[in-house]
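Structure file my_file-v8.txt with compact mmCIF, C-alpha atoms and all ligand atoms:
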```
# COMPACT_ATOMS: atom_id res chain seq x y z
CA ASN A 1 -13.82 -17.67 -17.95
CA TRP A 2 -15.78 -20.42 -19.70
CA ASP A 3 -19.47 -21.04 -19.61
CA MET A 4 -19.28 -24.74 -18.79
CA GLY A 5 -22.26 -25.81 -20.89
CA ASN A 6 -20.71 -24.25 -23.98
CA TYR A 7 -17.35 -25.65 -23.03
CA ILE A 8 -18.76 -29.17 -23.00
CA GLU A 9 -20.46 -28.73 -26.36
CA LYS A 10 -17.30 -27.44 -27.95
CA ALA A 11 -15.08 -30.07 -26.33
CA VAL A 12 -17.37 -32.87 -27.49
CA ALA A 13 -17.23 -31.59 -31.08
CA ASP A 14 -13.44 -31.24 -30.92
CA ILE A 15 -12.96 -34.72 -29.52
CA LYS A 16 -15.19 -36.25 -32.21
CA GLU A 17 -13.27 -34.53 -34.94
CA LYS A 18 -9.84 -35.36 -33.61
CA VAL A 19 -10.53 -39.02 -32.84
CA GLY A 20 -12.48 -39.91 -36.00
CA ASP A 21 -12.96 -43.67 -36.11
CA LYS A 22 -9.98 -44.52 -33.90
CA GLU A 23 -10.07 -45.80 -30.35
CA VAL A 24 -9.00 -44.02 -27.19
CA ILE A 25 -7.47 -45.43 -24.02
CA LEU A 26 -7.76 -43.51 -20.78
CA GLY A 27 -6.18 -44.30 -17.45
CA LEU A 28 -9.05 -43.82 -15.06
CA SER A 29 -7.84 -43.36 -11.50
CA GLY A 30 -11.10 -42.20 -9.97
CA GLY A 31 -9.62 -38.77 -9.30
CA VAL A 32 -11.49 -35.70 -10.48
CA ASP A 33 -9.41 -34.93 -13.56
CA SER A 34 -9.33 -38.38 -15.13
CA SER A 35 -12.98 -38.96 -14.24
CA VAL A 36 -14.21 -35.74 -15.83
CA ALA A 37 -12.05 -36.46 -18.88
CA ALA A 38 -13.56 -39.95 -19.11
CA VAL A 39 -17.17 -38.80 -18.90
CA LEU A 40 -16.55 -35.99 -21.36
CA ILE A 41 -14.81 -38.21 -23.91
CA HIS A 42 -17.44 -40.89 -23.44
CA LYS A 43 -20.11 -38.31 -24.24
CA ALA A 44 -18.29 -37.59 -27.49
CA ILE A 45 -17.30 -41.04 -28.73
CA GLY A 46 -19.08 -43.63 -26.56
CA ASP A 47 -17.59 -47.09 -26.84
CA GLN A 48 -14.60 -45.92 -28.83
CA LEU A 49 -13.31 -45.05 -25.38
CA THR A 50 -11.83 -47.76 -23.21
CA CYS A 51 -10.91 -46.78 -19.69
CA ILE A 52 -8.25 -48.73 -17.90
CA PHE A 53 -8.44 -48.82 -14.16
CA VAL A 54 -5.17 -50.21 -12.85
CA ASP A 55 -5.26 -51.97 -9.52
CA THR A 56 -1.70 -51.34 -8.43
CA GLY A 57 -2.15 -52.95 -5.05
CA LEU A 58 -1.48 -49.43 -3.74
CA LEU A 59 -5.05 -48.15 -3.83
CA ARG A 60 -7.34 -47.11 -1.04
CA LYS A 61 -9.92 -49.48 0.38
CA ASN A 62 -12.75 -50.39 -2.04
CA GLU A 63 -11.41 -47.96 -4.61
CA ALA A 64 -11.81 -50.31 -7.57
CA GLU A 65 -15.42 -51.11 -6.65
CA LYS A 66 -16.24 -47.44 -6.16
CA VAL A 67 -14.86 -46.41 -9.54
CA MET A 68 -16.40 -49.32 -11.44
CA GLU A 69 -19.76 -48.58 -9.84
CA THR A 70 -19.73 -44.84 -10.46
CA TYR A 71 -18.43 -44.79 -14.00
CA GLY A 72 -18.99 -48.29 -15.30
CA LYS A 73 -22.47 -48.88 -13.96
CA ASN A 74 -23.93 -45.37 -13.85
CA TYR A 75 -22.39 -44.02 -17.02
CA ASN A 76 -22.05 -47.24 -18.95
CA ILE A 77 -18.46 -46.40 -19.79
CA LYS A 78 -16.34 -49.31 -20.97
CA ILE A 79 -13.89 -49.81 -18.12
CA LYS A 80 -11.40 -52.57 -17.80
CA CYS A 81 -10.05 -53.22 -14.33
CA VAL A 82 -6.53 -54.58 -14.69
CA ASP A 83 -5.23 -56.30 -11.59
CA ALA A 84 -1.53 -55.54 -11.79
CA SER A 85 -0.91 -55.60 -8.05
CA GLU A 86 1.57 -58.47 -8.21
CA ARG A 87 3.59 -56.68 -10.85
CA PHE A 88 3.67 -53.39 -8.95
CA LEU A 89 4.36 -54.91 -5.54
CA GLY A 90 6.88 -57.33 -7.02
CA ASN A 91 8.89 -54.59 -8.68
CA LEU A 92 8.82 -52.51 -5.50
CA LYS A 93 10.49 -55.27 -3.50
CA GLY A 94 13.55 -53.85 -1.79
CA VAL A 95 12.90 -50.32 -3.11
CA THR A 96 13.01 -47.70 -0.37
CA ASP A 97 14.06 -44.47 -2.10
CA PRO A 98 11.00 -42.27 -2.83
CA GLU A 99 12.11 -41.24 -6.30
CA LYS A 100 13.02 -44.80 -7.20
CA LYS A 101 9.56 -45.85 -6.07
CA ARG A 102 7.95 -43.24 -8.33
CA LYS A 103 10.05 -44.35 -11.30
CA THR A 104 9.34 -48.02 -10.69
CA ILE A 105 5.61 -47.40 -10.40
CA GLY A 106 5.60 -45.07 -13.42
CA LYS A 107 7.33 -47.68 -15.54
CA ASP A 108 4.81 -50.34 -14.54
CA PHE A 109 1.94 -48.02 -15.51
CA ILE A 110 3.49 -47.47 -18.94
CA GLU A 111 3.88 -51.21 -19.48
CA VAL A 112 0.29 -51.89 -18.48
CA PHE A 113 -1.00 -49.24 -20.90
CA ASN A 114 1.17 -50.45 -23.75
CA GLU A 115 -0.06 -54.00 -23.21
CA GLU A 116 -3.69 -52.90 -23.07
CA LYS A 117 -3.27 -50.87 -26.22
CA LYS A 118 -2.11 -53.94 -28.11
CA LYS A 119 -5.32 -55.71 -27.11
CA LEU A 120 -7.46 -53.10 -28.88
CA LYS A 121 -7.90 -53.16 -32.64
CA ASN A 122 -7.70 -49.53 -33.48
CA ALA A 123 -6.21 -47.66 -30.51
CA LYS A 124 -4.41 -44.50 -31.41
CA PHE A 125 -4.99 -42.03 -28.59
CA LEU A 126 -4.07 -41.92 -24.95
CA ALA A 127 -6.39 -39.58 -23.09
CA GLN A 128 -5.17 -37.80 -19.99
CA GLY A 129 -6.86 -35.52 -17.50
CA THR A 130 -4.11 -32.93 -17.80
CA ILE A 131 -5.36 -29.55 -16.59
CA TYR A 132 -3.96 -26.07 -17.11
CA PRO A 133 -1.85 -25.93 -13.92
CA ASP A 134 -0.18 -29.22 -14.99
CA VAL A 135 0.65 -27.64 -18.33
CA ILE A 136 2.20 -24.62 -16.62
CA GLU A 137 4.04 -26.72 -14.10
CA SER A 138 5.65 -28.84 -16.76
CA GLN A 139 6.81 -25.78 -18.73
CA SER A 140 9.29 -23.16 -17.60
CA VAL A 141 8.25 -22.18 -14.11
CA LYS A 142 8.35 -25.41 -12.21
CA GLY A 143 6.44 -25.59 -8.99
CA PRO A 144 8.10 -27.11 -5.95
CA SER A 145 6.41 -30.46 -6.33
CA ALA A 146 7.31 -30.76 -10.01
CA THR A 147 10.97 -30.13 -9.47
CA ILE A 148 11.40 -31.80 -6.14
CA LYS A 149 9.23 -34.82 -6.77
CA SER A 150 8.91 -36.39 -10.20
CA HIS A 151 5.22 -36.75 -10.91
CA HIS A 152 5.00 -39.38 -13.58
CA ASN A 153 1.67 -38.13 -14.84
CA VAL A 154 2.45 -34.57 -15.88
CA GLY A 155 4.50 -33.15 -18.70
CA GLY A 156 3.17 -34.95 -21.75
CA LEU A 157 3.58 -38.49 -22.96
CA PRO A 158 6.10 -40.56 -21.02
CA GLU A 159 8.97 -42.03 -22.98
CA GLY A 160 8.26 -45.42 -24.49
CA MET A 161 4.59 -44.83 -25.24
CA ASP A 162 3.37 -44.94 -28.79
CA PHE A 163 0.20 -42.87 -28.63
CA GLU A 164 -1.18 -39.57 -29.66
CA LEU A 165 -2.33 -37.50 -26.70
CA LEU A 166 -5.90 -36.41 -26.12
CA GLU A 167 -6.19 -33.86 -23.33
CA PRO A 168 -9.62 -32.21 -23.35
CA LEU A 169 -9.12 -30.39 -20.01
CA ARG A 170 -5.82 -28.73 -20.90
CA GLU A 171 -7.28 -25.22 -20.75
CA LEU A 172 -9.15 -25.55 -17.49
CA PHE A 173 -8.36 -24.72 -13.91
CA LYS A 174 -9.34 -27.17 -11.19
CA ASP A 175 -12.52 -25.34 -10.19
CA GLU A 176 -13.59 -25.28 -13.82
CA VAL A 177 -12.95 -29.01 -14.14
CA ARG A 178 -15.21 -29.51 -11.12
CA LYS A 179 -17.90 -27.35 -12.75
CA VAL A 180 -17.72 -29.38 -15.93
CA GLY A 181 -17.91 -32.55 -13.84
CA ARG A 182 -21.03 -31.36 -12.03
CA GLU A 183 -22.58 -30.27 -15.30
CA LEU A 184 -21.95 -33.80 -16.59
CA GLY A 185 -23.78 -35.18 -13.57
CA ILE A 186 -20.87 -36.70 -11.69
CA PRO A 187 -21.86 -37.03 -8.02
CA ASP A 188 -20.50 -34.44 -5.57
CA HIS A 189 -18.70 -36.98 -3.42
CA MET A 190 -16.60 -37.93 -6.44
CA ILE A 191 -16.06 -34.33 -7.57
CA ASP A 192 -15.01 -33.08 -4.16
CA ARG A 193 -12.52 -35.84 -3.48
CA HIS A 194 -9.11 -34.94 -2.18
CA PRO A 195 -6.30 -35.47 -4.65
CA PHE A 196 -4.64 -38.89 -4.50
CA PRO A 197 -1.14 -39.27 -5.90
CA GLY A 198 -0.48 -41.56 -8.87
CA PRO A 199 1.98 -43.73 -6.91
CA GLY A 200 -0.74 -44.11 -4.30
CA LEU A 201 0.04 -45.83 -1.03
CA GLY A 202 3.49 -46.60 -2.46
CA ILE A 203 4.67 -43.20 -1.22
CA ARG A 204 2.64 -43.33 1.99
CA ILE A 205 4.30 -46.51 3.16
CA LEU A 206 7.70 -45.24 4.14
CA GLY A 207 10.55 -47.59 3.43
CA GLU A 208 9.88 -50.88 1.70
CA VAL A 209 6.36 -51.44 0.41
CA THR A 210 4.73 -54.80 1.05
CA LYS A 211 1.20 -56.13 0.65
CA GLU A 212 0.97 -56.63 4.40
CA LYS A 213 1.77 -52.95 5.02
CA ALA A 214 -0.58 -51.81 2.26
CA ASP A 215 -3.41 -53.81 3.85
CA ILE A 216 -2.75 -52.23 7.25
CA LEU A 217 -2.58 -48.72 5.81
CA ARG A 218 -5.77 -49.20 3.75
CA GLU A 219 -7.74 -50.01 6.91
CA ALA A 220 -6.35 -47.08 8.90
CA ASP A 221 -6.85 -44.62 6.05
CA ASP A 222 -10.41 -45.78 5.53
CA ILE A 223 -11.25 -45.08 9.17
CA PHE A 224 -9.71 -41.59 9.03
CA ILE A 225 -11.54 -40.63 5.85
CA LYS A 226 -14.89 -42.05 7.00
CA GLU A 227 -14.64 -40.18 10.31
CA LEU A 228 -13.83 -36.95 8.46
CA TRP A 229 -17.06 -37.44 6.51
CA ASN A 230 -19.00 -38.36 9.65
CA HIS A 231 -17.86 -35.15 11.35
CA ALA A 232 -18.49 -32.98 8.27
CA LEU A 233 -14.78 -32.20 8.14
CA TYR A 234 -13.84 -33.87 4.85
CA ASN A 235 -14.72 -30.87 2.72
CA LYS A 236 -13.12 -28.44 5.16
CA VAL A 237 -9.61 -29.82 4.68
CA SER A 238 -7.77 -30.03 1.36
CA GLN A 239 -6.12 -33.39 1.66
CA ALA A 240 -6.06 -35.95 4.42
CA PHE A 241 -4.55 -39.40 4.68
CA VAL A 242 -2.60 -41.79 6.87
CA VAL A 243 1.10 -42.54 6.51
CA LEU A 244 2.65 -45.80 7.70
CA LEU A 245 6.12 -45.52 9.20
CA PRO A 246 8.72 -48.28 9.14
CA VAL A 247 8.99 -47.91 12.90
CA LYS A 248 7.63 -50.30 15.49
CA SER A 249 7.04 -49.33 19.06
CA VAL A 250 5.95 -51.07 22.22
CA GLY A 251 2.39 -50.91 23.43
CA VAL A 252 0.02 -52.82 25.66
CA MET A 253 -3.29 -54.41 24.75
CA GLY A 254 -5.16 -56.20 27.53
CA ASP A 255 -2.48 -58.18 29.35
CA GLU A 256 -0.30 -58.42 26.27
CA ARG A 257 2.71 -56.46 25.22
CA THR A 258 2.46 -55.39 21.57
CA TYR A 259 5.20 -54.38 19.17
CA GLU A 260 3.61 -52.84 16.11
CA TYR A 261 3.78 -50.09 13.51
CA THR A 262 3.47 -46.38 14.08
CA ALA A 263 1.15 -44.46 11.77
CA VAL A 264 0.72 -40.75 11.22
CA LEU A 265 -2.41 -38.77 10.43
CA ARG A 266 -1.77 -36.03 7.90
CA SER A 267 -4.27 -33.34 7.01
CA ALA A 268 -3.38 -30.22 5.07
CA ASP A 269 -5.17 -26.98 4.25
CA THR A 270 -4.15 -25.32 1.04
CA THR A 271 -5.47 -23.64 -2.08
CA ASP A 272 -2.70 -24.40 -4.54
CA PHE A 273 -0.83 -27.34 -2.94
CA MET A 274 2.40 -25.36 -3.28
CA THR A 275 2.15 -24.11 0.29
CA ALA A 276 0.02 -25.65 2.99
CA THR A 277 -0.66 -25.55 6.69
CA TRP A 278 -1.65 -28.47 8.89
CA SER A 279 -5.35 -28.68 9.66
CA HIS A 280 -6.40 -27.67 13.14
CA LEU A 281 -8.67 -30.66 13.60
CA PRO A 282 -10.61 -30.80 16.88
CA TYR A 283 -9.00 -32.82 19.68
CA GLU A 284 -12.18 -34.85 20.21
CA PHE A 285 -12.14 -35.82 16.58
CA LEU A 286 -8.47 -36.81 16.70
CA GLU A 287 -9.12 -38.81 19.82
CA LYS A 288 -11.96 -40.70 18.18
CA VAL A 289 -9.87 -41.52 15.11
CA SER A 290 -6.93 -42.56 17.25
CA ASN A 291 -9.04 -44.88 19.40
CA ARG A 292 -10.66 -46.45 16.39
CA ILE A 293 -7.46 -47.01 14.43
CA ILE A 294 -5.48 -48.39 17.34
CA ASN A 295 -8.31 -50.66 18.49
CA GLU A 296 -9.52 -51.79 15.09
CA VAL A 297 -6.46 -51.99 12.89
CA LYS A 298 -4.23 -54.92 13.65
CA GLY A 299 -0.63 -53.89 13.09
CA ILE A 300 -0.83 -50.31 14.38
CA ASN A 301 -0.48 -49.53 18.08
CA ARG A 302 0.61 -45.89 17.97
CA LEU A 303 -0.63 -42.86 16.09
CA ALA A 304 0.87 -39.38 15.69
CA TYR A 305 -0.52 -36.20 14.14
CA ASP A 306 1.64 -34.33 11.66
CA ILE A 307 1.87 -30.65 12.57
CA SER A 308 4.28 -29.60 9.82
CA SER A 309 3.55 -26.90 7.28
CA LYS A 310 4.68 -26.79 3.66
CA PRO A 311 7.33 -25.54 3.23
CA PRO A 312 9.58 -26.74 4.67
CA ALA A 313 7.75 -30.09 4.91
CA THR A 314 5.79 -31.41 1.93
CA ILE A 315 2.22 -32.65 2.12
CA GLU A 316 3.20 -36.24 1.40
CA TRP A 317 5.95 -37.84 3.43
CA GLU A 318 7.86 -39.07 0.39
P1 LIG B 1 3.79 -32.54 -1.93
O1 LIG B 1 4.01 -33.81 -1.16
O2 LIG B 1 4.85 -32.31 -2.98
O3 LIG B 1 2.44 -32.77 -2.73
O4 LIG B 1 3.57 -31.35 -1.05
C1 LIG B 1 1.73 -31.78 -3.41
C2 LIG B 1 0.54 -32.45 -4.06
O5 LIG B 1 1.02 -33.34 -5.08
C3 LIG B 1 0.62 -34.67 -4.80
N1 LIG B 1 1.72 -35.57 -5.16
C4 LIG B 1 1.71 -36.38 -6.24
N2 LIG B 1 0.76 -36.58 -7.18
N3 LIG B 1 2.19 -38.15 -8.23
C5 LIG B 1 1.01 -37.49 -8.17
O6 LIG B 1 0.17 -37.71 -9.03
C6 LIG B 1 3.18 -37.99 -7.32
O7 LIG B 1 4.24 -38.61 -7.41
C7 LIG B 1 2.92 -37.05 -6.27
N4 LIG B 1 3.66 -36.62 -5.20
C8 LIG B 1 2.88 -35.72 -4.55
C9 LIG B 1 0.31 -34.70 -3.32
O8 LIG B 1 -0.60 -35.75 -2.99
C10 LIG B 1 -0.26 -33.32 -3.10
O9 LIG B 1 -1.61 -33.26 -3.48
```

Please go through the file and, once you have read it, give me the structure as structure tokens.
Amino acid sequence: NWDMGNYIEKAVADIKEKVGDKEVILGLSGGVDSSVAAVLIHKAIGDQLTCIFVDTGLLRKNEAEKVMETYGKNYNIKIKCVDASERFLGNLKGVTDPEKKRKTIGKDFIEVFNEEKKKLKNAKFLAQGTIYPDVIESQSVKGPSATIKSHHNVGGLPEGMDFELLEPLRELFKDEVRKVGRELGIPDHMIDRHPFPGPGLGIRILGEVTKEKADILREADDIFIKELWNHALYNKVSQAFVVLLPVKSVGVMGDERTYEYTAVLRSADTTDFMTATWSHLPYEFLEKVSNRIINEVKGINRLAYDISSKPPATIEWE
């Protein structure tokens, strides 16, 4: 068990020594792991670190602004926001298979990073927020999600990337990463965020992904998450989000018949994400969220609550 203050001191020294006068690129997603890695590496090498925030078009509402504000403005970290949404959404056209989506998205990420690397003079390292459980998962004993779903962001450097890896959190468990993050002054609401998958809304829009559907889902998800915060429930559940189904159903709004998408609220309670149960959220809360989403989000007229545990279901729907 590490003392986190000492850990930071040692990590900073190690990073300095390893990097020397080269530059480092880090894919900053805004998730805990990449954020803590960014702040830690920035503490060690300052502007030799360039963070790339990729707008895939599959992000949650206001995500880019939130990340730029927290880490760019408050920490003065060099962050480049790359708007690659047309590339990601373009390549996803016609793709419906979940694994094919992951591969398509993963490939686009690699291309974006390779292109950004070329724009830097002296880039040698790719930093990743790999943590100890990722290391274990990518070795012999594969967890269910590693074998059943191909996470593009675990298991070392993807093929076709010419970098050396820098992974300062490789020895830490998640709770230790959070401790380091707090020690580094990262605000609680960023540290306690639920995990968000690399492929983002791409695997929460079932069937074909389009910008129209992503826009609808972003609005619904934003309402769900904000209401969880408002009701002091966000930190009680492990991961919560909305899924958009490729199913339309009939509804009625005023005097009009509607024919719109069905969405699903998903909230899971878990400690290790290998097994999970569905959150027993209060009915009044669910009712409030349902009323808000159906009334406020154009494109959704029906909402269901997912009451499946993992296994046999998974947390995500794809
Ligand atoms: P499942 O759906 O397998 O998810 O029960 C377990 C945890 O893994 C996350 N997840 C992913 N994370 N890329 C990621 O970075 C992925 O492709 C991916 N698929 C699932 C999921 O959000 C949950 O936290």

Query - Neighbour residues at most 12 Å from (3.7, -48.8, 24.1) (all atoms listed in the file) as a list in words - result: Lys248, Ser249, Val250, Gly251, Val252, Met253, Glu256, Arg257, Thr258, Tyr259, Glu260, Tyr261, Thr262, Ile294, Ile300, Asn301, Arg302 and Leu303 of chain A

Residues near A:Gly129, anyone? I mean within 9 Å using only C-alpha atoms, not counting same-chain ones fewer than 3 positions away, as a short mmCIF file (atom, residue, chain, number, x, y, z; two decimals) with C-alpha atoms, in the coordinates of the input.
```
data_model
loop_
_atom_site.label_atom_id
_atom_site.label_comp_id
_atom_site.auth_asym_id
_atom_site.auth_seq_id
_atom_site.Cartn_x
_atom_site.Cartn_y
_atom_site.Cartn_z
CA LEU A 26 -7.76 -43.51 -20.78
CA GLY A 27 -6.18 -44.30 -17.45
CA LEU A 28 -9.05 -43.82 -15.06
CA VAL A 32 -11.49 -35.70 -10.48
CA ASP A 33 -9.41 -34.93 -13.56
CA SER A 34 -9.33 -38.38 -15.13
CA SER A 35 -12.98 -38.96 -14.24
CA VAL A 36 -14.21 -35.74 -15.83
CA ALA A 37 -12.05 -36.46 -18.88
CA ALA A 38 -13.56 -39.95 -19.11
CA LEU A 166 -5.90 -36.41 -26.12
CA GLU A 167 -6.19 -33.86 -23.33
CA PRO A 168 -9.62 -32.21 -23.35
CA LEU A 169 -9.12 -30.39 -20.01
CA ARG A 170 -5.82 -28.73 -20.90
#
```

Report task. Could you tell me which of A:Glu176, A:Glu212, A:Glu137, A:Glu219 comes closest to ligand LIG 1 (chain B) if we count all atoms listed in the file? Result ->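 Residue with the minimum atom-to-atom distance to ligand LIG 1 (chain B): A:Glu137.
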
Edge lengths and centre in Å to one decimal, as lines of an AutoDock Vina configuration file, of the axis-aligned box that encloses all listed atoms of ligand LIG 1 (chain B) with 3 Å added on every side?
```
center_x = 1.6
center_y = -35.0
center_z = -5.0
size_x = 12.5
size_y = 13.3
size_z = 14.0
```

Report task. Go through A:Glu116, A:Glu99, A:Asp162, A:Asp221 one by one, measure the shortest atom-to-atom distance of each to ligand LIG 1 (chain B) using only C-alpha atoms and all ligand atoms, and give the residue with the smallest value. Result ->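 Going through A:Glu116, A:Glu99, A:Asp162, A:Asp221 one by one, the smallest distance to ligand LIG 1 (chain B) is for A:Glu99.
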
N, CA and C atoms of stretch 83-110 of chain A from block above, as a PDB file, in the first residue's frame:
```pdb
ATOM      1  N   ASP A  83     -11.244  18.012 -33.299  1.00  0.00           N
ATOM      2  CA  ASP A  83     -12.602  17.659 -33.700  1.00  0.00           C
ATOM      3  C   ASP A  83     -12.533  16.639 -34.836  1.00  0.00           C
ATOM      4  N   ALA A  84     -12.705  15.398 -34.482  1.00  0.00           N
ATOM      5  CA  ALA A  84     -12.635  14.316 -35.472  1.00  0.00           C
ATOM      6  C   ALA A  84     -14.003  13.677 -35.642  1.00  0.00           C
ATOM      7  N   SER A  85     -15.054  14.413 -35.287  1.00  0.00           N
ATOM      8  CA  SER A  85     -16.386  13.805 -35.277  1.00  0.00           C
ATOM      9  C   SER A  85     -16.822  13.344 -36.666  1.00  0.00           C
ATOM     10  N   GLU A  86     -16.443  14.124 -37.697  1.00  0.00           N
ATOM     11  CA  GLU A  86     -16.862  13.702 -39.039  1.00  0.00           C
ATOM     12  C   GLU A  86     -16.183  12.412 -39.457  1.00  0.00           C
ATOM     13  N   ARG A  87     -14.923  12.281 -39.075  1.00  0.00           N
ATOM     14  CA  ARG A  87     -14.199  11.058 -39.392  1.00  0.00           C
ATOM     15  C   ARG A  87     -14.828   9.855 -38.673  1.00  0.00           C
ATOM     16  N   PHE A  88     -15.060  10.004 -37.382  1.00  0.00           N
ATOM     17  CA  PHE A  88     -15.606   8.877 -36.612  1.00  0.00           C
ATOM     18  C   PHE A  88     -17.010   8.507 -37.103  1.00  0.00           C
ATOM     19  N   LEU A  89     -17.861   9.525 -37.223  1.00  0.00           N
ATOM     20  CA  LEU A  89     -19.242   9.231 -37.627  1.00  0.00           C
ATOM     21  C   LEU A  89     -19.288   8.735 -39.063  1.00  0.00           C
ATOM     22  N   GLY A  90     -18.420   9.284 -39.897  1.00  0.00           N
ATOM     23  CA  GLY A  90     -18.362   8.843 -41.301  1.00  0.00           C
ATOM     24  C   GLY A  90     -17.992   7.376 -41.406  1.00  0.00           C
ATOM     25  N   ASN A  91     -16.968   6.977 -40.679  1.00  0.00           N
ATOM     26  CA  ASN A  91     -16.518   5.585 -40.758  1.00  0.00           C
ATOM     27  C   ASN A  91     -17.489   4.614 -40.095  1.00  0.00           C
ATOM     28  N   LEU A  92     -18.368   5.141 -39.253  1.00  0.00           N
ATOM     29  CA  LEU A  92     -19.343   4.264 -38.586  1.00  0.00           C
ATOM     30  C   LEU A  92     -20.614   4.069 -39.425  1.00  0.00           C
ATOM     31  N   LYS A  93     -20.663   4.787 -40.562  1.00  0.00           N
ATOM     32  CA  LYS A  93     -21.864   4.676 -41.391  1.00  0.00           C
ATOM     33  C   LYS A  93     -22.103   3.220 -41.788  1.00  0.00           C
ATOM     34  N   GLY A  94     -23.278   2.744 -41.526  1.00  0.00           N
ATOM     35  CA  GLY A  94     -23.632   1.376 -41.942  1.00  0.00           C
ATOM     36  C   GLY A  94     -23.112   0.289 -41.010  1.00  0.00           C
ATOM     37  N   VAL A  95     -22.317   0.667 -39.987  1.00  0.00           N
ATOM     38  CA  VAL A  95     -21.759  -0.336 -39.070  1.00  0.00           C
ATOM     39  C   VAL A  95     -22.749  -0.581 -37.928  1.00  0.00           C
ATOM     40  N   THR A  96     -23.144  -1.823 -37.750  1.00  0.00           N
ATOM     41  CA  THR A  96     -24.098  -2.128 -36.675  1.00  0.00           C
ATOM     42  C   THR A  96     -23.545  -3.142 -35.673  1.00  0.00           C
ATOM     43  N   ASP A  97     -22.575  -3.933 -36.076  1.00  0.00           N
ATOM     44  CA  ASP A  97     -22.028  -4.947 -35.173  1.00  0.00           C
ATOM     45  C   ASP A  97     -21.164  -4.288 -34.086  1.00  0.00           C
ATOM     46  N   PRO A  98     -21.433  -4.611 -32.804  1.00  0.00           N
ATOM     47  CA  PRO A  98     -20.715  -3.954 -31.708  1.00  0.00           C
ATOM     48  C   PRO A  98     -19.191  -4.067 -31.797  1.00  0.00           C
ATOM     49  N   GLU A  99     -18.700  -5.233 -32.128  1.00  0.00           N
ATOM     50  CA  GLU A  99     -17.242  -5.399 -32.202  1.00  0.00           C
ATOM     51  C   GLU A  99     -16.664  -4.625 -33.374  1.00  0.00           C
ATOM     52  N   LYS A 100     -17.403  -4.605 -34.482  1.00  0.00           N
ATOM     53  CA  LYS A 100     -16.948  -3.836 -35.639  1.00  0.00           C
ATOM     54  C   LYS A 100     -16.936  -2.345 -35.289  1.00  0.00           C
ATOM     55  N   LYS A 101     -17.902  -1.909 -34.519  1.00  0.00           N
ATOM     56  CA  LYS A 101     -17.898  -0.507 -34.078  1.00  0.00           C
ATOM     57  C   LYS A 101     -16.634  -0.218 -33.278  1.00  0.00           C
ATOM     58  N   ARG A 102     -16.332  -1.090 -32.308  1.00  0.00           N
ATOM     59  CA  ARG A 102     -15.146  -0.874 -31.470  1.00  0.00           C
ATOM     60  C   ARG A 102     -13.878  -0.813 -32.317  1.00  0.00           C
ATOM     61  N   LYS A 103     -13.778  -1.710 -33.291  1.00  0.00           N
ATOM     62  CA  LYS A 103     -12.572  -1.738 -34.128  1.00  0.00           C
ATOM     63  C   LYS A 103     -12.477  -0.482 -34.980  1.00  0.00           C
ATOM     64  N   THR A 104     -13.609  -0.079 -35.533  1.00  0.00           N
ATOM     65  CA  THR A 104     -13.635   1.121 -36.376  1.00  0.00           C
ATOM     66  C   THR A 104     -13.223   2.344 -35.559  1.00  0.00           C
ATOM     67  N   ILE A 105     -13.794   2.467 -34.384  1.00  0.00           N
ATOM     68  CA  ILE A 105     -13.494   3.615 -33.515  1.00  0.00           C
ATOM     69  C   ILE A 105     -12.034   3.563 -33.066  1.00  0.00           C
ATOM     70  N   GLY A 106     -11.564   2.369 -32.683  1.00  0.00           N
ATOM     71  CA  GLY A 106     -10.184   2.206 -32.243  1.00  0.00           C
ATOM     72  C   GLY A 106      -9.201   2.611 -33.332  1.00  0.00           C
ATOM     73  N   LYS A 107      -9.503   2.235 -34.546  1.00  0.00           N
ATOM     74  CA  LYS A 107      -8.622   2.561 -35.676  1.00  0.00           C
ATOM     75  C   LYS A 107      -8.578   4.081 -35.893  1.00  0.00           C
ATOM     76  N   ASP A 108      -9.720   4.712 -35.788  1.00  0.00           N
ATOM     77  CA  ASP A 108      -9.755   6.169 -35.951  1.00  0.00           C
ATOM     78  C   ASP A 108      -8.931   6.865 -34.869  1.00  0.00           C
ATOM     79  N   PHE A 109      -9.012   6.371 -33.642  1.00  0.00           N
ATOM     80  CA  PHE A 109      -8.207   6.947 -32.555  1.00  0.00           C
ATOM     81  C   PHE A 109      -6.718   6.845 -32.900  1.00  0.00           C
ATOM     82  N   ILE A 110      -6.302   5.673 -33.354  1.00  0.00           N
ATOM     83  CA  ILE A 110      -4.889   5.470 -33.689  1.00  0.00           C
ATOM     84  C   ILE A 110      -4.453   6.453 -34.765  1.00  0.00           C
TER      85      ILE A 110
END
```
